[in-house]
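Written below as structure tokens is the structure these notes are about.
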Amino acid sequence: MALIVQKYGGTSVGSPERIKNVVRRVAKYKALGHQLVVVVSAMSGETNRLIGLAKEMQAQPDPRELDMVVSTGEQVTVGLVSMGLIQEGLKAKSYTGAQVKITTDSAFTKARILSIDEQNIRADLDNGYVVVVAGFQGIDKDGNITTLGRGGSDTTGVAIAAALHADECQIYTDVDGVYTTDPRVVPEARRLKTITFEEMLEMASLGSKVLQIRAVEFAGKYRVKLRVLSSFEEEGDGTLITFEEDDKMEQAIISGIAFNRDEAKITVRGVPDKPGIAYQILGPVSEANVDVDMIIQNVGVDDSTDFSFTVHRNEFDKAMDILKNKVQHHIGARNVVGDNKTAKVSVVGVGMRSHVGIASKMFRTLAEEGINIQMISTSEIKISVVIDEKYLELAVRVLHKAFDLDLEPA
Ligand code: ADP
Ligand code: ASP
Ligand code: MG
């Protein structure tokens, strides 16, 4: 007997028919004698619909109230899944995040899980229940409902698996695993049998939304056995996220290509080249809770320099406003310019550590297509570039081919 946490995403619970399909799978695992916790997302499209409603009331919805509204999507699906299971003759019980007690901090719309009270879940499991838990939501210490950021049900699944010391956390979605890149953009993309945590962490943070980054962080930290699978297929091993030292397979140099359309680039021009400037530019931006991604500062010429960075496109206006009204004159910069039609493409692979020439191959491939690179950033296992968003698909496709990702490894 094993304790298994199964998380089902929005498409997998997108209609009563699909929910019945989930019920059948859960019943099958239960019949094998396993204990099951099922974590579900809202029905596909529902979270976007709720955000749309909120924006009709308030252009910038109050974050606490927004969480109150968007958390309802998951409350519907846990009830429906539970009903389906009871209809199948199983014992099942649904819980919201607050009922479980998934305690988070108070950062509405992007809260972090602090602790999970697993007592109720464990007691129900011991009494033969399938426990169905709402993904994406929690409660802060003052009793406010919070949500965990888009894609946050993955994190709920992994965090519950960690709290219960589950044998495995299975993420069921609309693709049958983690691919070399988004199969919607490159049809030749291949499913990876395994990927290391470190690579998955980079892929997730660089835009591959198949797993939310915090879910991967949690799984790495608590050593949760994590697998991505299709909810539409009966069989299949999906993709197992492995620890590098345990992964005996021959490592490819590059495992995948991640991309993110939601980047916006901001440049503060003609800033004095002296100590404290980076802090004076980015301090007010981070105080406003805007996350900054890539940062580049030119070498100073004649005591002045240019300072560029990227932010999420949703936060572009807010960041530009801060820089123009609070920073530019204060530090004596010439002007502030921005471009919210940029995108980021990254190649990821632990094999990069032991191979040279990856960056030059990437840059040559882009150059051959006439794609201009606006910014570059690297780490030990990834190279990212910012480009004009209109070249994004082309860039992903040519890089996928250039690094032989469409070929089965020898
Ligand atoms: P769910 O609703 O089940 O959480 P998501 O839409 O959040 O599903 O994530 C699954 C989607 O992630 C896939 O449909 C696919 O388009 C996208 N995706 C992006 N990058 C990858 C990748 N490298 N491998 C697999 N899927 C990816
Ligand atoms: N329903 C939430 C979203 O759409 C959480 C999730 O699906 O993981 O972002
Ligand atoms: Mg998701």
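Labels used: A, B, ... for chains in the order of the structure tokens, numbers from 1 for residues in each chain, and numbers from 1 for ligands as shown.
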
Can you write out as a Markdown table which residues of range 263-379 of chain A fall within 6 Å of range 388-399 of chain A, alongside each residue's closest atom pair and its distance in Å to one decimal, counting only C-alpha atoms and ordering rows by chain and ascending residue number?
| residue | atom | partner | partner_atom | distance |
| --- | --- | --- | --- | --- |
| A:Lys341 | CA | A:Glu389 | CA | 5.5 |
| A:Thr342 | CA | A:Glu389 | CA | 4.6 |
| A:Ala343 | CA | A:Glu389 | CA | 4.8 |

Please extract the residues at most 9 Å from ligand 1, counting only C-alpha atoms and all ligand atoms, and provide them as a ChimeraX atom specification, using the chain letters and residue numbers of this document. /A:7-13,41-44,150-154,171-185,189-192,200,203-204,207-212,228,230-231,256-259

In range 48-96 of chain A, DSSP strand (DSSP E) residues written as a PDB file with N, CA, C and O atoms, in the first residue's frame:
ATOM      1  N   ALA A  92     -15.505   9.589   0.317  1.00  0.00           N
ATOM      2  CA  ALA A  92     -14.702  10.750  -0.096  1.00  0.00           C
ATOM      3  C   ALA A  92     -15.155  11.988   0.657  1.00  0.00           C
ATOM      4  O   ALA A  92     -16.311  12.101   1.062  1.00  0.00           O
ATOM      5  N   LYS A  93     -14.199  12.910   0.858  1.00  0.00           N
ATOM      6  CA  LYS A  93     -14.511  14.144   1.575  1.00  0.00           C
ATOM      7  C   LYS A  93     -13.697  15.272   0.959  1.00  0.00           C
ATOM      8  O   LYS A  93     -12.505  15.114   0.698  1.00  0.00           O
ATOM      9  N   SER A  94     -14.341  16.414   0.728  1.00  0.00           N
ATOM     10  CA  SER A  94     -13.607  17.537   0.145  1.00  0.00           C
ATOM     11  C   SER A  94     -13.278  18.589   1.207  1.00  0.00           C
ATOM     12  O   SER A  94     -13.998  18.718   2.204  1.00  0.00           O
ATOM     13  N   TYR A  95     -12.186  19.306   0.968  1.00  0.00           N
ATOM     14  CA  TYR A  95     -11.754  20.371   1.878  1.00  0.00           C
ATOM     15  C   TYR A  95     -11.264  21.580   1.092  1.00  0.00           C
ATOM     16  O   TYR A  95     -10.564  21.426   0.086  1.00  0.00           O
TER      17      TYR A  95
END

Which residues are close to Ser304 in chain A, i.e. within 7 Å by only C-alpha atoms, leaving aside same-chain residues fewer than 6 positions away? Reply as a list in words.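 Near Ser304 in chain A, the qualifying residues are Gly270, Val271, Pro272 and Asp273 of chain A.
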
Restricting to only C-alpha atoms and all ligand atoms, whichever of A:Leu50, A:Ile381, A:Ala27, A:Ile281 is closest to ligand 2 is A:Leu50

Could you list, as a ChimeraX atom specification, every residue within 9 Å of Gln297 in chain A, counting only C-alpha atoms and ignoring same-chain residues fewer than 3 positions away? /A:278,300,305-309

Spatial neighbours of Arg353 in chain A, max dist 9 Å, only C-alpha atoms, sep filter under 4 positions, as a list in words: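 Answer for this query is Ile253, Gly349, Glu380 and Ile381 of chain A.
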